[in-house]
Amino acid sequence: MTTSTLPATPKPQSMMWKLVQPAQNNISTWTGARQVLPSGRGWWECQITYPPIVGTANFNAWRSFIAAMQGAANDVQIPVDPTAQSAIANTMSVNGAGQTGRNINVDGLPNSTTVLSAGQFVTIGGQLLQLKADVTTNGSGQATLTFEPSIRVAPADNATVEFKNPYCLMYLTEDPSYSVEPGYVYSLSLNLRESF
């Protein structure tokens with residue numbers, strides 16, 4: 001697999017994100033009582049719709065991108081937000097090897113500062129993680145990230161945590177098609193799923 005580059009323009013018209021968290025839901029036909037068995041796993045799906053692209057010359061980069069993706073064979077980094085979610089200049093790093101689950105200790109941040117808010121994102125090793133609690137550092141610039149879904153691969157000590165411009169490493173779930181209207185006006189949408 002290789003990672004293809006998403007064309008820079010146009011920016012998405014809309015993005016629909018979904019965090020899939022499978023669970024077995026059993027409802028008794030006798031009592032109506034429910035028993036839930038969560039899988040403890042999860043992944044992201046995304047549907048992106050682009051505004052009309054006028055002119056074949058402006059659409060050629062998209063044709064090239066579609067070909068380079070080779071269907072579901074290759075990956076692409078999909079940013080979760082068109083603007084940076086933090087202006088802090090520091091580099092956030094994993095603080096300690098072998099961490100798994102839904103919490104990761106980090107360092108390298110400003111002291112005693114709320115760096116990110118619950119609901120924002122980080123990317124570790126290409127995996128997109130959504131924060132469940134504010135990230136507030138101690139007097140040494142250390143903090144704990146609490147997120148969903150569970151991290152799949154324990155990151156190395158000092159691995160970089162992308163918190164300014166988080167992204168999700170994804171693949172195409174189907175070969176995209178595009179329409180061409182009179183005047184060479186192109187319409188395109190992409191359906192993607194997290195790659196791991």
# chains A, B, ... in the order shown; residues from 1 in each chain; ligands from 1
>>> residues_around(residues="Leu131 (chain A)", least_positions_apart="2", cutoff="6 Å", atoms="only C-alpha atoms", output="mmCIF file with all heavy atoms, in the first residue's frame")
data_model
loop_
_atom_site.group_PDB
_atom_site.id
_atom_site.type_symbol
_atom_site.label_atom_id
_atom_site.label_comp_id
_atom_site.auth_asym_id
_atom_site.auth_seq_id
_atom_site.Cartn_x
_atom_site.Cartn_y
_atom_site.Cartn_z
ATOM 1 N N ALA A 118 -12.698 18.321 24.990
ATOM 2 C CA ALA A 118 -13.442 17.099 24.694
ATOM 3 C C ALA A 118 -14.195 17.288 23.378
ATOM 4 O O ALA A 118 -14.754 18.353 23.123
ATOM 5 C CB ALA A 118 -14.416 16.791 25.825
ATOM 6 N N GLY A 119 -14.167 16.265 22.537
ATOM 7 C CA GLY A 119 -14.821 16.333 21.233
ATOM 8 C C GLY A 119 -13.857 16.638 20.105
ATOM 9 O O GLY A 119 -14.179 16.413 18.942
ATOM 10 N N GLN A 120 -12.667 17.164 20.432
ATOM 11 C CA GLN A 120 -11.655 17.384 19.400
ATOM 12 C C GLN A 120 -10.910 16.076 19.142
ATOM 13 O O GLN A 120 -11.238 15.041 19.728
ATOM 14 C CB GLN A 120 -10.708 18.513 19.815
ATOM 15 C CG GLN A 120 -11.386 19.880 19.801
ATOM 16 C CD GLN A 120 -10.415 21.005 20.049
ATOM 17 O OE1 GLN A 120 -9.797 21.078 21.100
ATOM 18 N NE2 GLN A 120 -10.292 21.911 19.076
ATOM 19 N N PHE A 121 -9.919 16.124 18.241
ATOM 20 C CA PHE A 121 -9.278 14.907 17.765
ATOM 21 C C PHE A 121 -7.767 14.967 17.900
ATOM 22 O O PHE A 121 -7.172 16.043 17.936
ATOM 23 C CB PHE A 121 -9.605 14.691 16.282
ATOM 24 C CG PHE A 121 -11.064 14.512 15.986
ATOM 25 C CD1 PHE A 121 -11.869 15.600 15.695
ATOM 26 C CD2 PHE A 121 -11.629 13.253 15.995
ATOM 27 C CE1 PHE A 121 -13.214 15.442 15.413
ATOM 28 C CE2 PHE A 121 -12.979 13.078 15.716
ATOM 29 C CZ PHE A 121 -13.771 14.164 15.426
ATOM 30 N N ALA A 133 -12.396 13.837 26.984
ATOM 31 C CA ALA A 133 -12.192 14.770 28.099
ATOM 32 C C ALA A 133 -11.210 15.844 27.652
ATOM 33 O O ALA A 133 -10.404 15.631 26.738
ATOM 34 C CB ALA A 133 -11.649 14.031 29.320
ATOM 35 N N THR A 146 -7.676 10.961 26.796
ATOM 36 C CA THR A 146 -8.728 9.965 26.986
ATOM 37 C C THR A 146 -9.619 10.027 25.753
ATOM 38 O O THR A 146 -10.137 11.097 25.423
ATOM 39 C CB THR A 146 -9.539 10.264 28.258
ATOM 40 O OG1 THR A 146 -8.644 10.308 29.371
ATOM 41 C CG2 THR A 146 -10.598 9.202 28.497
ATOM 42 N N PHE A 147 -9.805 8.899 25.074
ATOM 43 C CA PHE A 147 -10.403 8.942 23.732
ATOM 44 C C PHE A 147 -11.173 7.676 23.394
ATOM 45 O O PHE A 147 -11.132 6.676 24.092
ATOM 46 C CB PHE A 147 -9.302 9.163 22.694
ATOM 47 C CG PHE A 147 -8.114 8.253 22.878
ATOM 48 C CD1 PHE A 147 -8.163 6.914 22.505
ATOM 49 C CD2 PHE A 147 -6.945 8.723 23.458
ATOM 50 C CE1 PHE A 147 -7.088 6.075 22.696
ATOM 51 C CE2 PHE A 147 -5.851 7.885 23.652
ATOM 52 C CZ PHE A 147 -5.926 6.549 23.271
#
>>> select_by_dssp(residues="chain A", states="helix (DSSP H, G or I)", output="JSON, numbers by chain")
{"A": [56, 57, 58, 59, 60, 61, 62, 63, 64, 65, 66, 67, 68, 69]}
>>> closest_atom_pairs(of="region 27-127 of chain A", to="region 177-183 of chain A", cutoff="12 Å", atoms="only C-alpha atoms", output="CSV")
residue,atom,partner,partner_atom,distance
A:Thr49,CA,A:Tyr178,CA,10.9
A:Tyr50,CA,A:Tyr178,CA,10.6
A:Pro51,CA,A:Tyr178,CA,11.9
A:Pro52,CA,A:Glu181,CA,9.6
A:Ile53,CA,A:Val180,CA,9.4
A:Val54,CA,A:Gly183,CA,7.7
A:Gly55,CA,A:Gly183,CA,7.4
A:Thr56,CA,A:Val180,CA,9.4
A:Phe59,CA,A:Tyr178,CA,10.2
A:Trp62,CA,A:Tyr178,CA,9.8
A:Arg63,CA,A:Tyr178,CA,9.4
A:Ile66,CA,A:Ser177,CA,9.2
A:Ala67,CA,A:Ser177,CA,11.5
A:Gly71,CA,A:Ser177,CA,11.3
>>> select_by_dssp(residues="chain A", states="strand (DSSP E or B)", output="PyMOL selection string")
chain A and resi 3-4+14-20+23-27+34-38+43-49+53-54+75-79+92-94+101-107+114-116+121-124+127-131+135-136+143-151+160-162+167-172+178-181+185-194
>>> closest_residue(among="A:Gln85, A:Asn60, A:Gln142, A:Thr29", to="Lys164 (chain A)", atoms="only C-alpha atoms")
A:Gln85
>>> residues_around(residues="Glu148 (chain A)", least_positions_apart="6", cutoff="12 Å", atoms="only C-alpha atoms", output="list in words")
Leu19, Val20, Gln21, Gly40, Arg41, Gly42, Trp43, Trp44, Thr100, Gly101, Arg102, Asn103, Ile104, Ala118, Gly119, Gln120, Phe121, Val122, Thr123, Gln127, Leu128, Leu129, Gln130, Leu131, Lys132 and Ala133 of chain A
>>> closest_residue(among="A:Leu192, A:Thr144, A:Ser117, A:Tyr167", to="Ser86 (chain A)", atoms="only C-alpha atoms")
A:Ser117
>>> residues_around(residues="Gly96 (chain A)", least_positions_apart="6", cutoff="9 Å", atoms="only C-alpha atoms", output="VMD selection string")
chain A and resid 104 to 106 155 to 158
>>> write_last_selection(atoms="N, CA and C atoms", output="mmCIF file, in the first residue's frame")
data_model
loop_
_atom_site.group_PDB
_atom_site.id
_atom_site.type_symbol
_atom_site.label_atom_id
_atom_site.label_comp_id
_atom_site.auth_asym_id
_atom_site.auth_seq_id
_atom_site.Cartn_x
_atom_site.Cartn_y
_atom_site.Cartn_z
ATOM 1 N N ILE A 104 -3.666 7.611 26.777
ATOM 2 C CA ILE A 104 -2.246 7.694 26.426
ATOM 3 C C ILE A 104 -1.654 8.903 27.142
ATOM 4 N N ASN A 105 -0.529 8.711 27.798
ATOM 5 C CA ASN A 105 0.184 9.817 28.438
ATOM 6 C C ASN A 105 1.042 10.524 27.392
ATOM 7 N N VAL A 106 1.039 11.854 27.443
ATOM 8 C CA VAL A 106 1.792 12.663 26.486
ATOM 9 C C VAL A 106 2.592 13.732 27.219
ATOM 10 N N PRO A 155 1.817 2.897 20.580
ATOM 11 C CA PRO A 155 2.828 3.751 19.961
ATOM 12 C C PRO A 155 4.152 3.689 20.724
ATOM 13 N N ALA A 156 5.218 3.998 20.000
ATOM 14 C CA ALA A 156 6.546 4.036 20.616
ATOM 15 C C ALA A 156 6.664 5.268 21.506
ATOM 16 N N ASP A 157 7.556 5.194 22.476
ATOM 17 C CA ASP A 157 7.855 6.358 23.302
ATOM 18 C C ASP A 157 8.342 7.486 22.398
ATOM 19 N N ASN A 158 7.878 8.685 22.653
ATOM 20 C CA ASN A 158 8.218 9.893 21.893
ATOM 21 C C ASN A 158 7.631 9.934 20.490
#
>>> residues_around(residues="Ile78 (chain A)", least_positions_apart="6", cutoff="7 Å", atoms="only C-alpha atoms", output="PyMOL selection string")
chain A and resi 167-170
>>> atom_distance(atom1="CA of Thr2 (chain A)", atom2="CA of Pro22 (chain A)")
28.1 Å
>>> atom_distance(atom1="CA of Asn58 (chain A)", atom2="CA of Tyr186 (chain A)")
9.3 Å
>>> closest_residue(among="A:Thr5, A:Pro166, A:Ala87, A:Glu45", to="Ser64 (chain A)", atoms="only C-alpha atoms")
A:Thr5
>>> decode(residues="region 95-144 of chain A", atoms="C-alpha atoms", output="PDB file, in the first residue's frame")
ATOM      1  CA  ASN A  95       5.258   9.746  27.071  1.00  0.00           C
ATOM      2  CA  GLY A  96       6.174   6.073  27.614  1.00  0.00           C
ATOM      3  CA  ALA A  97       6.176   2.990  25.385  1.00  0.00           C
ATOM      4  CA  GLY A  98       3.665   0.131  25.475  1.00  0.00           C
ATOM      5  CA  GLN A  99       0.511   2.164  26.173  1.00  0.00           C
ATOM      6  CA  THR A 100      -2.750   0.660  24.931  1.00  0.00           C
ATOM      7  CA  GLY A 101      -6.468   1.086  25.546  1.00  0.00           C
ATOM      8  CA  ARG A 102      -8.283   4.417  25.689  1.00  0.00           C
ATOM      9  CA  ASN A 103      -5.700   6.531  27.533  1.00  0.00           C
ATOM     10  CA  ILE A 104      -2.246   7.694  26.426  1.00  0.00           C
ATOM     11  CA  ASN A 105       0.184   9.817  28.438  1.00  0.00           C
ATOM     12  CA  VAL A 106       1.792  12.663  26.486  1.00  0.00           C
ATOM     13  CA  ASP A 107       4.342  15.425  27.079  1.00  0.00           C
ATOM     14  CA  GLY A 108       6.089  18.323  25.359  1.00  0.00           C
ATOM     15  CA  LEU A 109       3.249  20.789  25.887  1.00  0.00           C
ATOM     16  CA  PRO A 110       2.961  24.168  27.637  1.00  0.00           C
ATOM     17  CA  ASN A 111       2.699  23.933  31.424  1.00  0.00           C
ATOM     18  CA  SER A 112      -0.698  24.117  33.158  1.00  0.00           C
ATOM     19  CA  THR A 113      -2.703  24.734  29.973  1.00  0.00           C
ATOM     20  CA  THR A 114      -5.886  23.319  28.471  1.00  0.00           C
ATOM     21  CA  VAL A 115      -4.520  22.239  25.085  1.00  0.00           C
ATOM     22  CA  LEU A 116      -7.604  20.559  23.572  1.00  0.00           C
ATOM     23  CA  SER A 117     -11.264  20.190  24.474  1.00  0.00           C
ATOM     24  CA  ALA A 118     -13.442  17.099  24.694  1.00  0.00           C
ATOM     25  CA  GLY A 119     -14.821  16.333  21.233  1.00  0.00           C
ATOM     26  CA  GLN A 120     -11.655  17.384  19.400  1.00  0.00           C
ATOM     27  CA  PHE A 121      -9.278  14.907  17.765  1.00  0.00           C
ATOM     28  CA  VAL A 122      -5.715  13.611  17.726  1.00  0.00           C
ATOM     29  CA  THR A 123      -3.958  11.273  15.317  1.00  0.00           C
ATOM     30  CA  ILE A 124      -1.464   8.680  16.538  1.00  0.00           C
ATOM     31  CA  GLY A 125       0.158   6.362  14.004  1.00  0.00           C
ATOM     32  CA  GLY A 126      -2.443   7.246  11.377  1.00  0.00           C
ATOM     33  CA  GLN A 127      -5.354   6.381  13.714  1.00  0.00           C
ATOM     34  CA  LEU A 128      -7.934   9.089  14.374  1.00  0.00           C
ATOM     35  CA  LEU A 129      -8.978   9.315  18.026  1.00  0.00           C
ATOM     36  CA  GLN A 130     -11.765  11.502  19.429  1.00  0.00           C
ATOM     37  CA  LEU A 131     -11.168  13.025  22.851  1.00  0.00           C
ATOM     38  CA  LYS A 132     -13.673  12.287  25.626  1.00  0.00           C
ATOM     39  CA  ALA A 133     -12.192  14.770  28.099  1.00  0.00           C
ATOM     40  CA  ASP A 134     -10.319  18.078  28.015  1.00  0.00           C
ATOM     41  CA  VAL A 135      -6.534  17.771  27.728  1.00  0.00           C
ATOM     42  CA  THR A 136      -5.062  19.895  30.521  1.00  0.00           C
ATOM     43  CA  THR A 137      -1.345  19.733  31.271  1.00  0.00           C
ATOM     44  CA  ASN A 138       0.347  19.651  34.639  1.00  0.00           C
ATOM     45  CA  GLY A 139       3.236  21.908  35.714  1.00  0.00           C
ATOM     46  CA  SER A 140       5.660  19.854  33.588  1.00  0.00           C
ATOM     47  CA  GLY A 141       3.693  19.995  30.318  1.00  0.00           C
ATOM     48  CA  GLN A 142       2.390  16.427  30.683  1.00  0.00           C
ATOM     49  CA  ALA A 143      -1.196  15.258  30.214  1.00  0.00           C
ATOM     50  CA  THR A 144      -3.319  12.179  29.616  1.00  0.00           C
TER      51      THR A 144
END
